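*Asks:* My structure is in run10.cif, and what it holds is mmCIF, C-alpha atoms and all ligand atoms:
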```
data_model
loop_
_atom_site.label_atom_id
_atom_site.label_comp_id
_atom_site.auth_asym_id
_atom_site.auth_seq_id
_atom_site.Cartn_x
_atom_site.Cartn_y
_atom_site.Cartn_z
CA MET A 1 19.78 -10.81 -7.64
CA THR A 2 16.60 -10.77 -5.61
CA LEU A 3 13.39 -8.74 -5.61
CA ALA A 4 14.36 -5.08 -5.18
CA PHE A 5 13.01 -2.49 -2.71
CA VAL A 6 11.50 -5.00 -0.25
CA ASN A 7 14.20 -5.23 2.45
CA SER A 8 14.55 -1.76 3.92
CA PRO A 9 16.54 -1.68 7.18
CA ILE A 10 14.72 1.53 8.20
CA ASP A 11 12.54 1.52 11.33
CA ARG A 12 10.21 4.37 10.39
CA ARG A 13 9.68 5.53 14.00
CA SER A 14 6.47 7.42 13.32
CA ASP A 15 6.38 8.31 17.04
CA LEU A 16 9.30 10.70 16.49
CA ARG A 17 7.77 12.62 13.58
CA PRO A 18 5.79 15.17 15.67
CA GLN A 19 8.73 15.70 18.07
CA GLY A 20 10.22 18.82 16.49
CA THR A 21 13.03 19.23 19.02
CA THR A 22 14.14 15.63 18.61
CA ILE A 23 13.99 15.84 14.81
CA ALA A 24 16.03 19.09 14.88
CA ALA A 25 18.64 17.49 17.13
CA MET A 26 18.94 14.52 14.77
CA LYS A 27 19.33 16.86 11.81
CA SER A 28 22.31 18.57 13.44
CA ASP A 29 23.89 15.26 14.53
CA PRO A 30 26.93 14.53 12.30
CA ALA A 31 26.20 10.80 12.64
CA SER A 32 22.86 11.19 10.84
CA ARG A 33 22.70 10.17 7.18
CA LEU A 34 21.32 12.20 4.29
CA VAL A 35 20.17 10.64 1.01
CA ARG A 36 20.06 13.15 -1.85
CA ILE A 37 17.59 12.53 -4.66
CA TRP A 38 17.69 14.01 -8.16
CA GLY A 39 14.64 12.97 -10.19
CA ASP A 40 14.81 9.19 -10.16
CA ALA A 41 18.54 9.25 -9.38
CA VAL A 42 20.52 9.44 -6.14
CA GLU A 43 23.89 10.95 -5.25
CA MET A 44 26.69 8.39 -5.20
CA ARG A 45 30.37 8.74 -4.33
CA ASN A 46 33.04 6.02 -4.74
CA ALA A 47 30.41 3.38 -5.50
CA HIS A 48 28.49 4.09 -2.28
CA LEU A 49 25.54 6.29 -1.41
CA HIS A 50 26.81 9.80 -0.67
CA LEU A 51 25.53 10.25 2.87
CA ASP A 52 27.89 12.82 4.43
CA HIS A 53 26.50 16.26 5.07
CA ASP A 54 27.33 19.69 6.42
CA GLY A 55 23.93 20.01 8.01
CA ILE A 56 20.50 18.72 7.09
CA SER A 57 18.01 21.33 5.90
CA ASP A 58 14.55 22.02 7.30
CA ARG A 59 13.21 20.68 4.01
CA ALA A 60 14.71 17.20 4.47
CA VAL A 61 12.24 14.41 5.31
CA PHE A 62 12.77 11.94 8.14
CA LEU A 63 12.93 8.34 6.92
CA GLY A 64 13.50 6.68 10.31
CA LYS A 65 16.36 5.01 12.14
CA THR A 66 18.60 2.02 11.62
CA ASN A 67 19.72 -0.10 14.56
CA ASN A 68 17.72 2.27 16.77
CA LYS A 69 20.50 4.87 16.67
CA ILE A 70 21.35 6.22 13.20
CA ALA A 71 18.76 8.70 11.85
CA TRP A 72 18.20 8.82 8.09
CA PHE A 73 16.86 11.77 6.12
CA ALA A 74 16.20 12.43 2.44
CA ASP A 75 16.32 15.67 0.49
CA ALA A 76 16.40 16.84 -3.09
CA SER A 77 19.89 17.09 -4.55
CA ASP A 78 21.04 20.46 -5.84
CA SER A 79 23.17 19.00 -8.60
CA GLU A 80 22.87 16.18 -11.06
CA PRO A 81 26.50 15.25 -11.86
CA ASP A 82 27.12 12.84 -8.98
CA CYS A 83 23.77 11.10 -9.33
CA VAL A 84 23.10 7.59 -10.63
CA SER A 85 19.70 6.36 -11.78
CA ILE A 86 17.98 4.21 -9.17
CA ARG A 87 16.88 1.87 -11.97
CA THR A 88 20.53 1.38 -12.96
CA ILE A 89 21.52 0.82 -9.33
CA MET A 90 18.77 -1.79 -9.05
CA VAL A 91 19.38 -3.61 -12.34
CA ASP A 92 23.17 -3.65 -11.98
CA GLY A 93 23.13 -4.33 -8.22
CA LEU A 94 25.40 -1.36 -7.48
CA LEU A 95 24.43 -1.18 -3.80
CA PRO A 96 23.58 -3.67 -1.03
CA ASP A 97 19.97 -4.85 -1.00
CA GLY A 98 19.06 -2.83 2.11
CA GLU A 99 20.36 0.44 0.67
CA ILE A 100 18.52 -0.10 -2.61
CA SER A 101 15.37 -0.82 -0.59
CA LEU A 102 15.48 2.39 1.46
CA LEU A 103 15.79 4.39 -1.76
CA ALA A 104 12.16 3.51 -2.52
CA GLN A 105 11.00 5.44 0.53
CA ALA A 106 13.45 8.31 -0.06
CA ARG A 107 12.70 8.77 -3.76
CA SER A 108 8.90 8.51 -3.41
CA LEU A 109 8.75 10.98 -0.51
CA VAL A 110 11.10 13.58 -2.03
CA SER A 111 9.23 13.38 -5.33
CA TRP A 112 5.87 13.77 -3.56
CA HIS A 113 7.01 16.95 -1.82
CA GLN A 114 8.27 18.40 -5.09
CA ARG A 115 4.93 17.75 -6.80
CA HIS A 116 2.62 18.90 -3.97
CA GLN A 117 3.71 22.43 -3.23
CA PHE A 118 0.14 23.69 -3.63
CA CYS A 119 -3.12 22.68 -2.01
CA ALA A 120 -5.39 20.47 -4.12
CA ASN A 121 -8.36 21.93 -2.20
CA CYS A 122 -7.82 25.70 -2.57
CA GLY A 123 -4.61 26.23 -4.55
CA ALA A 124 -2.68 28.03 -1.80
CA GLY A 125 0.84 27.02 -0.81
CA THR A 126 1.42 24.01 1.45
CA VAL A 127 4.11 23.45 4.07
CA SER A 128 5.81 20.26 5.19
CA ILE A 129 4.86 19.06 8.70
CA ASP A 130 5.62 16.05 10.91
CA ALA A 131 9.20 15.80 9.67
CA GLY A 132 8.06 15.65 6.07
CA THR A 133 5.48 12.89 6.31
CA ARG A 134 2.54 15.22 5.63
CA ARG A 135 1.89 18.66 4.10
CA LYS A 136 -0.59 21.24 5.37
CA CYS A 137 -2.26 24.08 3.50
CA GLU A 138 -1.37 27.49 4.92
CA SER A 139 -4.75 28.90 3.86
CA CYS A 140 -7.55 26.35 4.30
CA GLY A 141 -5.75 24.01 6.70
CA ALA A 142 -6.29 20.88 4.59
CA GLU A 143 -3.76 18.14 5.26
CA HIS A 144 -2.21 16.19 2.41
CA PHE A 145 -0.63 12.77 2.76
CA PRO A 146 2.03 11.13 0.57
CA ARG A 147 0.35 9.00 -2.04
CA THR A 148 0.98 5.43 -3.04
CA ASP A 149 -0.52 4.33 -6.36
CA PRO A 150 -1.44 0.62 -6.45
CA VAL A 151 -0.77 -1.37 -9.61
CA VAL A 152 -1.92 -4.97 -10.11
CA ILE A 153 0.52 -7.24 -11.95
CA MET A 154 -0.58 -10.76 -12.73
CA ALA A 155 0.62 -14.10 -14.02
CA VAL A 156 -2.31 -15.35 -16.11
CA ARG A 157 -2.44 -19.12 -16.68
CA LYS A 158 -4.70 -21.81 -18.09
CA ASN A 159 -3.77 -25.45 -17.70
CA ASP A 160 -0.03 -25.44 -18.45
CA MET A 161 -0.07 -22.33 -20.61
CA HIS A 162 0.96 -18.84 -19.47
CA LEU A 163 -0.20 -15.53 -20.94
CA LEU A 164 2.49 -12.86 -21.31
CA GLY A 165 2.35 -9.48 -22.98
CA ARG A 166 4.81 -7.11 -24.53
CA GLN A 167 4.79 -3.32 -24.85
CA ALA A 168 6.38 -1.69 -27.90
CA SER A 169 8.67 0.44 -25.70
CA TRP A 170 10.32 -2.57 -24.02
CA PRO A 171 13.76 -3.94 -24.93
CA PRO A 172 13.74 -6.44 -27.83
CA ASN A 173 12.48 -9.98 -27.06
CA MET A 174 11.19 -9.04 -23.60
CA PHE A 175 7.81 -10.30 -22.42
CA SER A 176 6.27 -9.84 -19.00
CA ALA A 177 3.19 -10.21 -16.84
CA LEU A 178 0.20 -8.01 -17.66
CA ALA A 179 -0.22 -5.01 -15.34
CA GLY A 180 -2.32 -1.95 -14.82
CA PHE A 181 -3.31 0.75 -12.35
CA MET A 182 -6.13 0.07 -9.91
CA GLU A 183 -9.10 2.39 -10.21
CA PRO A 184 -11.11 4.07 -7.41
CA GLY A 185 -13.78 1.88 -5.85
CA GLU A 186 -12.23 -1.33 -7.14
CA THR A 187 -11.01 -4.44 -5.32
CA ILE A 188 -7.66 -5.96 -6.23
CA GLU A 189 -9.50 -8.97 -7.67
CA GLN A 190 -11.73 -6.77 -9.82
CA ALA A 191 -8.75 -4.78 -11.07
CA VAL A 192 -6.97 -7.99 -12.13
CA ARG A 193 -10.02 -9.26 -14.05
CA ARG A 194 -10.67 -5.87 -15.68
CA GLU A 195 -7.07 -5.28 -16.76
CA VAL A 196 -6.65 -8.76 -18.26
CA LEU A 197 -9.95 -8.39 -20.12
CA GLU A 198 -9.16 -4.86 -21.37
CA GLU A 199 -5.68 -5.72 -22.57
CA THR A 200 -6.29 -9.18 -24.08
CA GLN A 201 -10.05 -10.02 -23.96
CA ILE A 202 -9.13 -13.04 -21.82
CA THR A 203 -11.60 -13.76 -19.01
CA VAL A 204 -10.39 -14.65 -15.51
CA SER A 205 -12.08 -16.51 -12.63
CA ASP A 206 -10.00 -17.12 -9.49
CA VAL A 207 -7.37 -14.60 -8.42
CA SER A 208 -4.80 -15.16 -5.67
CA TYR A 209 -2.17 -13.01 -4.01
CA VAL A 210 1.57 -13.68 -4.32
CA ALA A 211 3.59 -10.69 -3.06
CA SER A 212 3.95 -6.91 -3.30
CA GLN A 213 6.80 -4.53 -4.17
CA PRO A 214 7.27 -0.79 -3.76
CA TRP A 215 8.19 0.67 -7.16
CA PRO A 216 9.37 4.26 -6.65
CA PHE A 217 8.87 5.65 -10.17
CA PRO A 218 7.50 7.68 -8.60
CA ALA A 219 5.27 6.04 -5.99
CA ASN A 220 3.70 2.77 -7.07
CA LEU A 221 2.93 -0.34 -5.07
CA MET A 222 3.04 -3.39 -7.31
CA ILE A 223 0.56 -6.05 -6.15
CA GLY A 224 1.61 -9.41 -7.57
CA MET A 225 -1.20 -11.88 -8.32
CA ILE A 226 -1.94 -15.16 -10.09
CA ALA A 227 -5.07 -15.16 -12.29
CA GLU A 228 -6.81 -18.31 -13.59
CA ALA A 229 -7.99 -17.74 -17.16
CA THR A 230 -11.26 -19.19 -18.43
CA SER A 231 -10.89 -18.37 -22.14
CA ASP A 232 -8.17 -18.79 -24.80
CA ALA A 233 -8.65 -16.36 -27.69
CA ILE A 234 -6.43 -13.28 -27.39
CA LYS A 235 -7.44 -9.92 -28.83
CA ILE A 236 -5.01 -7.25 -27.70
CA ASP A 237 -5.69 -3.60 -27.04
CA PRO A 238 -3.09 -2.03 -29.37
CA ASP A 239 -2.96 1.10 -27.21
CA GLU A 240 -1.67 -1.01 -24.31
CA LEU A 241 0.25 -3.89 -25.87
CA GLU A 242 2.30 -4.65 -28.96
CA THR A 243 1.48 -8.32 -28.60
CA ALA A 244 0.35 -10.99 -26.13
CA LYS A 245 0.87 -14.73 -26.44
CA TRP A 246 0.32 -18.00 -24.62
CA PHE A 247 3.61 -19.69 -23.76
CA SER A 248 4.10 -23.28 -22.61
CA ARG A 249 5.38 -23.98 -19.14
CA ASP A 250 8.70 -25.11 -20.61
CA GLU A 251 9.06 -21.92 -22.65
CA LEU A 252 8.32 -19.74 -19.63
CA VAL A 253 10.94 -21.56 -17.57
CA HIS A 254 13.54 -20.83 -20.25
CA MET A 255 12.37 -17.21 -20.65
CA LEU A 256 12.82 -16.63 -16.91
CA GLU A 257 16.25 -18.29 -16.98
CA GLY A 258 17.31 -16.39 -20.13
CA THR A 259 17.84 -19.65 -22.08
CA HIS A 260 14.92 -19.50 -24.54
CA HIS A 261 15.82 -20.88 -27.99
CA ASP A 262 14.56 -17.74 -29.74
CA GLY A 263 16.21 -15.35 -27.27
CA LEU A 264 12.91 -14.37 -25.63
CA TRP A 265 13.13 -13.44 -21.97
CA ALA A 266 10.70 -12.54 -19.21
CA SER A 267 11.51 -9.86 -16.67
CA ARG A 268 14.51 -9.61 -14.37
CA PRO A 269 14.57 -11.09 -10.84
CA GLN A 270 14.59 -7.58 -9.32
CA ALA A 271 11.05 -6.95 -10.61
CA ILE A 272 7.95 -8.57 -9.15
CA ALA A 273 6.86 -9.84 -12.57
CA HIS A 274 9.63 -12.42 -12.19
CA THR A 275 8.30 -13.38 -8.75
CA VAL A 276 4.69 -13.86 -9.86
CA LEU A 277 5.59 -15.72 -13.06
CA THR A 278 7.84 -18.04 -11.05
CA ALA A 279 5.11 -18.55 -8.44
CA ALA A 280 2.62 -19.44 -11.20
CA LEU A 281 4.93 -22.28 -12.28
CA LYS A 282 5.14 -23.69 -8.75
CA ARG A 283 1.70 -23.32 -7.19
ZN ZN B 301 -5.94 24.79 0.92
#
```
Starting from the file, lay out its structure as structure tokens.
*Replies:*
Amino acid sequence: MTLAFVNSPIDRRSDLRPQGTTIAAMKSDPASRLVRIWGDAVEMRNAHLHLDHDGISDRAVFLGKTNNKIAWFADASDSEPDCVSIRTIMVDGLLPDGEISLLAQARSLVSWHQRHQFCANCGAGTVSIDAGTRRKCESCGAEHFPRTDPVVIMAVRKNDMHLLGRQASWPPNMFSALAGFMEPGETIEQAVRREVLEETQITVSDVSYVASQPWPFPANLMIGMIAEATSDAIKIDPDELETAKWFSRDELVHMLEGTHHDGLWASRPQAIAHTVLTAALKR
């Protein structure tokens, strides 16, 4: 298993989005593929994505092309029964890496359209334009763009000790990297220092970037970082965390491998927490 959602085969071809005739022709082409989304699930058939279609609706959004020939679209599903949770597909590796990755784009875009039917400026109805990559207000003309919500997620370390937290809602014995939404007017570095301080009262000096991961529940971008702590005493925010602890390097290695003597474990390889915690052991 590798980091999920980061290897999409889709070439987004933004140049085609305003070309209505071309988009319409691709929608009527039987070779085009249609991904159907239901909430955070997707239609499957015989252990594969269900991509056949009898015509792609005006509502469907253009994702792009693969191999410069096959056009891909996404639309909301009309029925739940054939759908499988994208989280389950990811955790259990039910699809090839590339297909899991393109679901991030499909799920985030379809969800955005469903939640932005009305103008945030004047309240009138909005319509989809540019093959579903924007919406426009029919009254005031304001344009609305699909949103991506950045979240910082950080491996916090001091000497050979690593700070991990745990939320009450998580599966038993699971710990992970601290994380939190970025706020307006904030740099990534500031968000890392603020979140670590708010959740644990640990202070942080240097912050460095590791990697990022789309996380389509519904439209996050996880920004993976390493943070160098400058204090030791933990005081958790009980609204955010059930507990937080310093773990030795050896313990963290076993938690990531699933071989910890007390059964503790730290995040699956599909999630970027695993990537940043592993990077913090190596760098
Ligand atoms: Zn408006």
*Asks:* Do you have, as a Markdown table, the list of residues of segment 80-192 of chain A lying at most 6 Å from segment 211-224 of chain A, each with its nearest atom pair and that distance in Å to one decimal, counting all atoms listed in the file and ordered by chain then number?
*Replies:*
```
| residue | atom | partner | partner_atom | distance |
| --- | --- | --- | --- | --- |
| A:Ala104 | CA | A:Pro216 | CA | 5.0 |
| A:Ser108 | CA | A:Ala219 | CA | 5.1 |
| A:Thr148 | CA | A:Ala219 | CA | 5.2 |
| A:Asp149 | CA | A:Asn220 | CA | 4.6 |
| A:Pro150 | CA | A:Leu221 | CA | 4.7 |
| A:Val151 | CA | A:Met222 | CA | 4.9 |
| A:Val152 | CA | A:Ile223 | CA | 4.8 |
| A:Ile153 | CA | A:Gly224 | CA | 5.0 |
| A:Met154 | CA | A:Gly224 | CA | 5.8 |
```
*Asks:* Please extract the residues at most 6 Å from ligand ZN 301 (chain B), counting all atoms listed in the file, and provide them as a ChimeraX atom specification, using the chain letters and residue numbers of this document.
*Replies:* /A:119,121-124,137,139-142
*Asks:* Which value, in Å to one decimal, gives the distance between atom CA of Ile70 of chain A and atom CA of Ile37 of chain A?
*Replies:*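 If I compute the distance from atom CA of Ile70 of chain A to atom CA of Ile37 of chain A, I get 19.3 Å.
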*Asks:* Give, as JSON, the centre coordinates and the x, y and z edge lengths in Å to one decimal for an axis-aligned box around all listed atoms of segment 59-73 of chain A, padded by 6 Å on each side.
*Replies:*
```
{"center_x": 16.8, "center_y": 10.3, "center_z": 10.4, "size_x": 21.1, "size_y": 32.8, "size_z": 24.8}
```
*Asks:* I need the residue nearest Lys27 of chain A from this list: A:Thr2, A:Glu199, A:Leu63, A:Ser14. Use only C-alpha atoms for the distance.
*Replies:*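 Going through A:Thr2, A:Glu199, A:Leu63, A:Ser14 one by one, the smallest distance to Lys27 of chain A is for A:Leu63.
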*Asks:* Considering only C-alpha atoms, return as a ChimeraX atom specification whatever protein or nucleic-acid residues lie within 10 Å of segment 242-250 of chain A, sequence-local ones (same chain, fewer than 2 positions apart) excluded.
*Replies:* /A:156-170,175-178,199-200,232-240,252-255,260,280-281
*Asks:* Separation of atom CA of Val35 of chain A and atom CA of Phe181 of chain A, in Å?
*Replies:*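 For atom CA of Val35 of chain A relative to atom CA of Phe181 of chain A, the distance reads 28.8 Å.
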*Asks:* I need the residue nearest Ala76 of chain A from this list: A:Ala227, A:Val196, A:Leu34, A:Ala273. Use all atoms listed in the file for the distance.
*Replies:*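 Ranking A:Ala227, A:Val196, A:Leu34, A:Ala273 by distance to Ala76 of chain A, first place goes to A:Leu34.
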*Asks:* My list of candidates is A:Glu186, A:Asp58, A:Asp15, A:Glu80. Which is closest to Ile129 of chain A when distances are computed with only C-alpha atoms?
*Replies:*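 The shortest atom-to-atom distance to Ile129 of chain A comes from A:Asp58.
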*Asks:* Which residue gives the smallest distance to Gly263 of chain A among A:Glu183, A:Glu138, A:Glu251, A:Glu228, with only C-alpha atoms counted?
*Replies:*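 The closest residue to Gly263 of chain A is A:Glu251.
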*Asks:* Nearest to Ser8 of chain A among A:Met44, A:Ile100, A:Ala229, A:Ile188, with distances taken over all atoms listed in the file: which residue is it?
*Replies:*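 Smallest distance to Ser8 of chain A is found for A:Ile100.
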*Asks:* Do you have the atom CA of Glu195 of chain A-atom CA of Met182 of chain A distance handy?
*Replies:*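 Going from atom CA of Glu195 of chain A over to atom CA of Met182 of chain A covers 8.7 Å.
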*Asks:* Using only C-alpha atoms, which protein or nucleic acid residues come within 12 Å of Arg115 of chain A? Drop anything in the same chain fewer than 5 positions from it, and give the result as a count of residues only.
*Replies:* 13
*Asks:* Show me, as a PDB file with C-alpha atoms, keeping the file's coordinate frame, the residues that have an atom within 12 Å of Gly55 of chain A when counting only C-alpha atoms, minus same-chain residues fewer than 3 positions from it.
*Replies:*
```pdb
ATOM      1  CA  ALA A  24      16.030  19.090  14.880  1.00  0.00           C
ATOM      2  CA  ALA A  25      18.640  17.490  17.130  1.00  0.00           C
ATOM      3  CA  MET A  26      18.940  14.520  14.770  1.00  0.00           C
ATOM      4  CA  LYS A  27      19.330  16.860  11.810  1.00  0.00           C
ATOM      5  CA  SER A  28      22.310  18.570  13.440  1.00  0.00           C
ATOM      6  CA  ASP A  29      23.890  15.260  14.530  1.00  0.00           C
ATOM      7  CA  PRO A  30      26.930  14.530  12.300  1.00  0.00           C
ATOM      8  CA  ALA A  31      26.200  10.800  12.640  1.00  0.00           C
ATOM      9  CA  SER A  32      22.860  11.190  10.840  1.00  0.00           C
ATOM     10  CA  ARG A  33      22.700  10.170   7.180  1.00  0.00           C
ATOM     11  CA  LEU A  34      21.320  12.200   4.290  1.00  0.00           C
ATOM     12  CA  LEU A  51      25.530  10.250   2.870  1.00  0.00           C
ATOM     13  CA  ASP A  52      27.890  12.820   4.430  1.00  0.00           C
ATOM     14  CA  ASP A  58      14.550  22.020   7.300  1.00  0.00           C
ATOM     15  CA  ARG A  59      13.210  20.680   4.010  1.00  0.00           C
ATOM     16  CA  ALA A  60      14.710  17.200   4.470  1.00  0.00           C
ATOM     17  CA  PHE A  73      16.860  11.770   6.120  1.00  0.00           C
ATOM     18  CA  ASP A  75      16.320  15.670   0.490  1.00  0.00           C
TER      19      ASP A  75
END
```
*Asks:* Please provide as a list in words all residues within 6 Å of Val61 of chain A, with the sequence filter that same-chain residues fewer than 3 positions apart are discarded (counting only C-alpha atoms).
*Replies:*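 Final neighbour list, sorted by chain and number: Phe73, Ala74, Ala131 and Gly132 of chain A.
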*Asks:* I need the residue nearest Leu277 of chain A from this list: A:Met225, A:Ala155, A:Trp265, A:Val204. Use only C-alpha atoms for the distance.
*Replies:*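 For Leu277 of chain A, the nearest of the given residues is A:Ala155.
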